[in-house]
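Novice: What follows is start_23.cif, mmCIF, C-alpha atoms and all ligand atoms.
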```cif
data_upload
#
loop_
_atom_site.label_atom_id
_atom_site.label_comp_id
_atom_site.auth_asym_id
_atom_site.auth_seq_id
_atom_site.Cartn_x
_atom_site.Cartn_y
_atom_site.Cartn_z
CA MET I 1 11.70 22.41 -13.70
CA LYS I 2 9.51 22.29 -16.76
CA LEU I 3 6.65 19.84 -16.70
CA ASN I 4 6.87 18.74 -20.26
CA GLY I 5 9.97 17.30 -21.81
CA THR I 6 11.77 16.64 -18.53
CA SER I 7 12.32 13.02 -19.37
CA SER I 8 11.05 10.58 -21.93
CA ASN I 9 10.46 8.18 -19.05
CA THR I 10 7.99 10.34 -17.22
CA PRO I 11 4.30 10.36 -17.97
CA SER I 12 3.25 13.21 -20.17
CA ILE I 13 0.96 15.38 -18.16
CA SER I 14 -0.96 18.14 -19.77
CA GLN I 15 -0.52 21.69 -18.62
CA PRO I 16 -3.38 22.34 -16.26
CA THR I 17 -4.78 25.39 -17.97
CA THR I 18 -8.32 25.51 -16.77
CA GLY I 19 -11.08 24.96 -19.24
CA SER I 20 -9.06 23.43 -22.05
CA HIS I 21 -7.86 19.98 -22.97
CA GLN I 22 -4.21 20.60 -23.68
CA ASN I 23 -3.54 17.00 -24.57
CA GLY I 24 -6.27 17.01 -27.18
CA HIS I 25 -8.54 14.66 -25.26
CA THR I 26 -12.17 15.44 -25.26
CA PRO I 27 -14.42 13.62 -22.81
CA ASP I 28 -15.64 11.27 -25.53
CA SER I 29 -12.45 10.83 -27.49
CA HIS I 30 -12.20 7.13 -26.48
CA GLN I 31 -8.47 7.48 -26.31
CA ALA I 32 -6.41 6.06 -23.46
CA ASP I 33 -3.94 8.49 -21.99
CA SER I 34 -0.52 7.65 -20.55
CA THR I 35 -2.08 6.46 -17.30
CA GLY I 36 -4.12 3.86 -19.12
CA VAL I 37 -7.43 5.48 -18.18
CA SER I 38 -9.66 6.02 -21.14
CA ALA I 39 -11.38 9.33 -21.45
CA TRP I 40 -14.71 7.59 -21.93
CA GLU I 41 -14.63 6.20 -18.41
CA THR I 42 -17.33 8.13 -16.68
CA ASP I 43 -17.01 9.58 -13.21
CA GLU I 44 -19.60 7.04 -12.06
CA LEU I 45 -17.57 4.11 -13.34
CA VAL I 46 -14.42 5.47 -11.76
CA ASP I 47 -16.26 5.81 -8.44
CA GLU I 48 -17.53 2.25 -8.75
CA ILE I 49 -14.04 0.90 -9.34
CA GLY I 50 -12.91 2.86 -6.30
CA ASP I 51 -15.59 1.28 -4.16
CA ALA I 52 -15.04 -2.26 -5.43
CA HIS I 53 -11.61 -2.44 -3.79
CA GLY I 54 -10.87 -5.58 -5.74
CA ALA I 55 -7.28 -6.48 -6.46
CA SER I 56 -6.60 -7.29 -10.09
CA SER I 57 -3.34 -9.06 -9.34
CA ILE I 58 -1.13 -10.00 -6.42
CA ASP I 59 1.51 -7.67 -7.85
CA THR I 60 1.18 -3.94 -7.45
CA PRO I 61 0.58 -2.64 -10.98
CA MET I 62 3.79 -0.88 -11.95
CA ARG I 63 5.05 0.75 -15.12
CA PRO I 64 7.94 -1.11 -16.77
CA ASP I 65 10.05 2.04 -16.40
CA ALA I 66 9.08 2.60 -12.74
CA PHE I 67 12.67 3.08 -11.62
CA ALA I 68 14.13 4.67 -14.72
CA ILE I 69 14.26 7.95 -12.82
CA ASP I 70 15.83 8.28 -9.40
CA ASP I 71 14.12 9.35 -6.20
CA ASP I 72 15.48 12.91 -6.31
CA LEU I 73 13.96 13.50 -9.74
CA LYS I 74 10.70 11.89 -8.66
CA ILE I 75 10.53 14.31 -5.74
CA ASP I 76 11.20 17.27 -8.05
CA LEU I 77 8.50 16.19 -10.51
CA ILE I 78 5.88 15.39 -7.88
CA GLU I 79 6.58 18.71 -6.18
CA GLU I 80 5.97 20.53 -9.46
CA HIS I 81 2.77 18.65 -10.24
CA PHE I 82 1.40 18.92 -6.71
CA ARG I 83 2.00 22.67 -6.83
CA GLU I 84 -0.20 22.72 -9.93
CA ILE I 85 -2.93 20.70 -8.21
CA MET I 86 -2.95 23.16 -5.33
CA GLY I 87 -3.00 26.05 -7.77
CA ILE I 88 -5.92 24.56 -9.69
CA LEU I 89 -7.78 24.25 -6.39
CA GLY I 90 -7.27 27.98 -6.04
CA LEU I 91 -4.76 27.95 -3.21
CA ASP I 92 -2.28 30.80 -2.96
CA LEU I 93 1.13 29.20 -3.16
CA THR I 94 2.85 32.39 -2.06
CA ASP I 95 1.30 32.01 1.39
CA ASP I 96 3.91 31.16 4.00
CA SER I 97 1.94 28.20 5.30
CA LEU I 98 1.33 26.68 1.87
CA LYS I 99 4.46 27.36 -0.12
CA GLY I 100 6.41 24.44 1.31
CA SER I 101 3.58 21.95 0.95
CA PRO I 102 4.32 20.68 -2.58
CA ARG I 103 7.88 19.75 -1.58
CA ARG I 104 6.71 18.24 1.73
CA VAL I 105 4.13 16.10 -0.03
CA ALA I 106 6.62 14.99 -2.69
CA LYS I 107 9.20 13.93 -0.10
CA MET I 108 6.55 12.19 1.96
CA TYR I 109 5.33 10.21 -1.07
CA VAL I 110 8.75 9.06 -2.24
CA ASN I 111 10.70 8.71 1.01
CA GLU I 112 7.96 7.65 3.39
CA ILE I 113 4.46 6.52 2.59
CA PHE I 114 5.16 5.03 -0.86
CA SER I 115 8.75 3.92 -0.29
CA GLY I 116 7.56 0.31 -0.40
CA LEU I 117 7.08 0.60 -4.17
CA ASN I 118 10.83 0.30 -4.56
CA PRO I 119 12.10 -3.28 -4.20
CA ALA I 120 15.43 -1.83 -3.02
CA ASN I 121 13.63 -1.01 0.24
CA LYS I 122 12.36 -4.54 0.82
CA PRO I 123 13.50 -5.88 4.21
CA LYS I 124 15.99 -8.71 4.07
CA PRO I 125 14.94 -10.93 6.94
CA THR I 126 17.58 -12.95 8.71
CA LEU I 127 16.59 -16.52 9.36
CA PHE I 128 17.72 -18.67 12.24
CA ASP I 129 17.68 -22.40 12.77
CA ASN I 130 14.78 -23.55 14.88
CA LYS I 131 17.09 -24.65 17.72
CA PHE I 132 14.28 -24.74 20.26
CA ARG I 133 12.39 -27.21 18.10
CA TYR I 134 9.34 -25.06 18.60
CA ASN I 135 6.96 -26.61 16.14
CA GLU I 136 3.73 -24.90 17.16
CA MET I 137 2.35 -21.81 15.54
CA LEU I 138 3.88 -18.43 16.28
CA VAL I 139 1.49 -15.50 16.18
CA GLU I 140 2.59 -11.88 15.96
CA LYS I 141 -0.63 -10.00 16.63
CA ASP I 142 -1.74 -6.37 16.58
CA ILE I 143 0.94 -5.22 14.13
CA THR I 144 0.10 -1.65 13.19
CA VAL I 145 -0.97 -1.24 9.58
CA GLN I 146 -0.79 2.19 8.00
CA THR I 147 -1.30 2.08 4.28
CA TYR I 148 -3.08 4.13 1.59
CA CYS I 149 -6.11 3.29 -0.49
CA GLU I 150 -4.95 3.27 -4.10
CA HIS I 151 -8.34 4.46 -5.29
CA HIS I 152 -8.56 7.57 -3.15
CA PHE I 153 -5.02 8.06 -1.77
CA VAL I 154 -6.23 8.41 1.79
CA PRO I 155 -5.12 6.22 4.72
CA ILE I 156 -6.18 2.71 5.63
CA ILE I 157 -5.33 2.16 9.29
CA GLY I 158 -5.62 -1.00 11.29
CA LYS I 159 -3.96 -4.12 12.62
CA ALA I 160 -2.39 -7.18 11.10
CA HIS I 161 -2.07 -10.57 12.76
CA VAL I 162 0.61 -12.76 11.23
CA ALA I 163 1.22 -16.41 12.04
CA TYR I 164 3.45 -19.20 10.82
CA ILE I 165 4.51 -22.71 11.72
CA SER I 166 8.24 -23.22 11.38
CA SER I 167 9.52 -25.59 8.73
CA GLY I 168 12.93 -25.57 10.40
CA LYS I 169 13.69 -21.87 10.13
CA VAL I 170 12.57 -19.03 12.34
CA ILE I 171 12.56 -15.31 11.63
CA GLY I 172 13.33 -12.39 13.94
CA LEU I 173 10.01 -11.20 15.36
CA SER I 174 10.45 -7.58 14.32
CA LYS I 175 11.01 -8.75 10.75
CA LEU I 176 7.37 -9.80 10.62
CA ASN I 177 6.46 -6.18 11.42
CA ARG I 178 8.95 -5.00 8.78
CA VAL I 179 7.39 -7.12 6.06
CA VAL I 180 3.93 -5.76 6.95
CA GLU I 181 5.34 -2.23 6.92
CA TYR I 182 7.11 -2.63 3.58
CA PHE I 183 4.05 -3.77 1.64
CA SER I 184 1.93 -1.17 3.46
CA LYS I 185 4.06 1.65 2.11
CA ARG I 186 2.36 1.51 -1.24
CA PRO I 187 -0.94 2.63 -2.66
CA GLN I 188 -2.91 -0.51 -1.79
CA VAL I 189 -6.13 -2.41 -1.68
CA GLN I 190 -6.43 -4.41 1.51
CA GLU I 191 -6.93 -7.71 -0.27
CA ARG I 192 -3.69 -7.37 -2.19
CA LEU I 193 -1.78 -6.19 0.88
CA THR I 194 -2.92 -9.32 2.75
CA VAL I 195 -1.79 -11.66 -0.01
CA GLN I 196 1.50 -9.86 -0.64
CA ILE I 197 2.47 -10.18 3.03
CA ALA I 198 1.45 -13.85 3.10
CA GLU I 199 3.32 -14.76 -0.09
CA GLU I 200 6.48 -12.96 1.00
CA LEU I 201 6.48 -14.77 4.36
CA LYS I 202 5.90 -18.13 2.65
CA ARG I 203 8.85 -17.43 0.37
CA VAL I 204 11.17 -16.30 3.14
CA LEU I 205 10.18 -18.98 5.66
CA GLU I 206 10.04 -21.74 3.05
CA THR I 207 6.66 -22.94 4.21
CA GLU I 208 3.05 -22.72 3.10
CA ASP I 209 1.99 -22.63 6.74
CA VAL I 210 1.46 -18.89 6.95
CA ALA I 211 -1.64 -16.90 7.89
CA VAL I 212 -2.30 -13.18 7.67
CA ILE I 213 -5.38 -11.39 8.98
CA ILE I 214 -5.88 -7.65 8.56
CA ASP I 215 -8.60 -5.62 10.23
CA ALA I 216 -8.56 -2.02 9.08
CA LYS I 217 -10.53 1.16 8.73
CA HIS I 218 -10.57 2.87 5.36
CA LEU I 219 -10.64 6.63 5.58
CA CYS I 220 -12.18 6.74 2.12
CA VAL I 221 -15.19 5.05 3.71
CA SER I 222 -15.21 7.02 6.97
CA THR I 223 -14.34 10.55 5.84
CA ARG I 224 -16.08 10.68 2.47
CA GLY I 225 -18.58 8.72 0.41
CA VAL I 226 -20.86 6.91 2.87
CA HIS I 227 -19.11 8.55 5.85
CA ASP I 228 -19.29 5.39 7.94
CA ILE I 229 -16.89 5.91 10.82
CA ASN I 230 -17.69 2.58 12.49
CA SER I 231 -17.17 -0.09 9.86
CA SER I 232 -13.90 -1.91 9.42
CA THR I 233 -12.74 -4.39 6.80
CA ILE I 234 -11.30 -7.82 7.58
CA THR I 235 -9.26 -9.81 5.10
CA ALA I 236 -7.47 -13.09 5.65
CA SER I 237 -5.09 -15.46 3.93
CA TYR I 238 -4.79 -18.99 5.33
CA GLY I 239 -2.04 -21.09 3.79
CA GLY I 240 -1.03 -24.72 4.35
CA LYS I 241 -2.05 -26.05 7.78
CA PHE I 242 -3.99 -22.85 8.46
CA SER I 243 -6.57 -23.95 5.95
CA GLU I 244 -7.37 -26.82 8.33
CA GLU I 245 -10.24 -25.96 10.63
CA ALA I 246 -8.55 -26.86 13.96
CA THR I 247 -5.40 -24.84 13.19
CA ARG I 248 -7.41 -21.90 11.97
CA GLN I 249 -9.59 -21.95 15.08
CA GLU I 250 -6.51 -22.04 17.30
CA LEU I 251 -5.16 -18.95 15.54
CA LEU I 252 -8.48 -17.14 15.82
CA ARG I 253 -8.60 -17.91 19.55
CA TYR I 254 -5.18 -16.33 20.04
CA VAL I 255 -6.13 -13.29 17.99
CA ALA I 256 -9.36 -12.85 19.97
CA GLN I 257 -7.54 -12.89 23.31
CA PRO I 258 -7.04 -9.45 24.83
CA SER I 259 -3.51 -8.23 24.19
CA VAL I 260 -1.04 -8.24 27.04
CA THR I 261 -0.55 -4.84 28.59
CA ILE I 262 2.75 -3.97 30.20
ZN ZN J 301 -10.74 3.92 -1.20
#
```
Translate this file's structure into structure tokens.
Specialist:
Amino acid sequence: MKLNGTSSNTPSISQPTTGSHQNGHTPDSHQADSTGVSAWETDELVDEIGDAHGASSIDTPMRPDAFAIDDDLKIDLIEEHFREIMGILGLDLTDDSLKGSPRRVAKMYVNEIFSGLNPANKPKPTLFDNKFRYNEMLVEKDITVQTYCEHHFVPIIGKAHVAYISSGKVIGLSKLNRVVEYFSKRPQVQERLTVQIAEELKRVLETEDVAVIIDAKHLCVSTRGVHDINSSTITASYGGKFSEEATRQELLRYVAQPSVTI
């Protein structure tokens, strides 16, 4: 498949001929390309944005035409472009070990690790009446989080603790894990992931009484840059009654307890 002219809906990406600016951009042309990044943004500024890890919005920034092409075409296009990236790096794509990598990466992006970009994949939690009249907090702790830093496209791995107080409806326990998983399968910043999970649970459970805590290690911090393998990042969202000190402390006590082993 040709890179250029495949679809008017796909970003125009210059042919990666080394040493030339096929799209006419020079480093100081002050012209934004199709990705919205201006050529004048220096490497230093780009690095700084990558380190800031601030979320600009609760919504994942998406192109208006994000789903104008289907998943099969996305896989084809990503395969083609990833093959070029590998080629630019100097890798021999005729090697038996490498030749399948572009397709593997493309399928992994679309079908697995970034499948949460597509709202069609959002879990549809089933709610039940709170027949047990359990009106205390419910905490689902140590939910595995595996997401990807949107600044470096390397993993963020950790745990989420999710809690809510029923307003009359209860949700299947595994659905809490599913909601965490869905929003994790996107390029993310941890702050946005935390808020997206919290807001979705508030919407589904029809209550503000939702809390989400995420404790995670960023591989962009541990395997590059400052190479700090020990630090982890904690983010939290406390809604409704969880913003009250006593309720918050109760939650934090539960989270601090050693997990049950079976
Ligand atoms: Zn990062």
Novice: Which is closer to ligand ZN 301 (chain J) than all the others in I:Ala236, I:Ala163, I:Ile156, I:Leu138, using all atoms listed in the file?
Specialist: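 Of the candidates, the smallest distance to ligand ZN 301 (chain J) is held by I:Ile156.
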Novice: Determine the nearest neighbour of ligand ZN 301 (chain J) from the options I:His161, I:Arg203, I:His152, I:Arg248, counting all atoms listed in the file.
Specialist: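 Nearest to ligand ZN 301 (chain J): I:His152.
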Novice: Taking only C-alpha atoms and all ligand atoms and a cut-off of 12 Å, can you tell me which residues surround ligand ZN 301 (chain J), written as a VMD selection string?
Specialist: chain I and resid 46 to 54 147 to 157 187 to 190 217 to 227 233
Novice: Looking at I:Phe128, I:Phe183, I:Tyr164, I:Tyr254, which one is nearest to Ala211 (chain I), with distances taken over all atoms listed in the file?
Specialist: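 Comparing I:Phe128, I:Phe183, I:Tyr164, I:Tyr254 against Ala211 (chain I), the winner is I:Tyr164.
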Novice: Could you tell me how far CA of Asn130 (chain I) sits from CA of Gly240 (chain I), in Å to one decimal place?
Specialist: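 These atoms are spaced 19.0 Å apart.
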Novice: What is the distance between CA of Glu250 (chain I) and CA of Lys131 (chain I), in Å to one decimal?
Specialist: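 CA of Lys131 (chain I) lies 23.7 Å from CA of Glu250 (chain I).
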Novice: For the atom pair CA of Thr60 (chain I) and CA of Leu201 (chain I), what is the interatomic distance in Å to one decimal place?
Specialist: 16.9 Å
Novice: Could you check the closest approach to His81 (chain I) for each of I:Ile214, I:Ile58, I:Ala106, I:Leu193 and tell me which residue wins, using all atoms listed in the file?
Specialist: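 Nearest candidate to His81 (chain I) out of I:Ile214, I:Ile58, I:Ala106, I:Leu193: I:Ala106.
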Novice: Taking (1.8, -5.1, 12.5) in the file's coordinates as the center, which residues reach within 8 Å of it, counting only C-alpha atoms, put as a PyMOL selection string?
Specialist: chain I and resi 140-145+159-162+176-177+180-181
Novice: Closest to Thr126 (chain I) among I:Ile88, I:Ile234, I:Leu173, I:Val110, using all atoms listed in the file?
Specialist: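 Among the listed residues, the smallest separation from Thr126 (chain I) belongs to I:Leu173.
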Novice: As JSON, please report the centre and edge lengths, rounded to one decimal in Å, of the axis-aligned box that holds all listed atoms of region 180-186 of chain I with 8 Å of padding on each of the six sides.
Specialist:
```
{"center_x": 4.5, "center_y": -2.1, "center_z": 2.9, "size_x": 21.2, "size_y": 23.4, "size_z": 24.2}
```
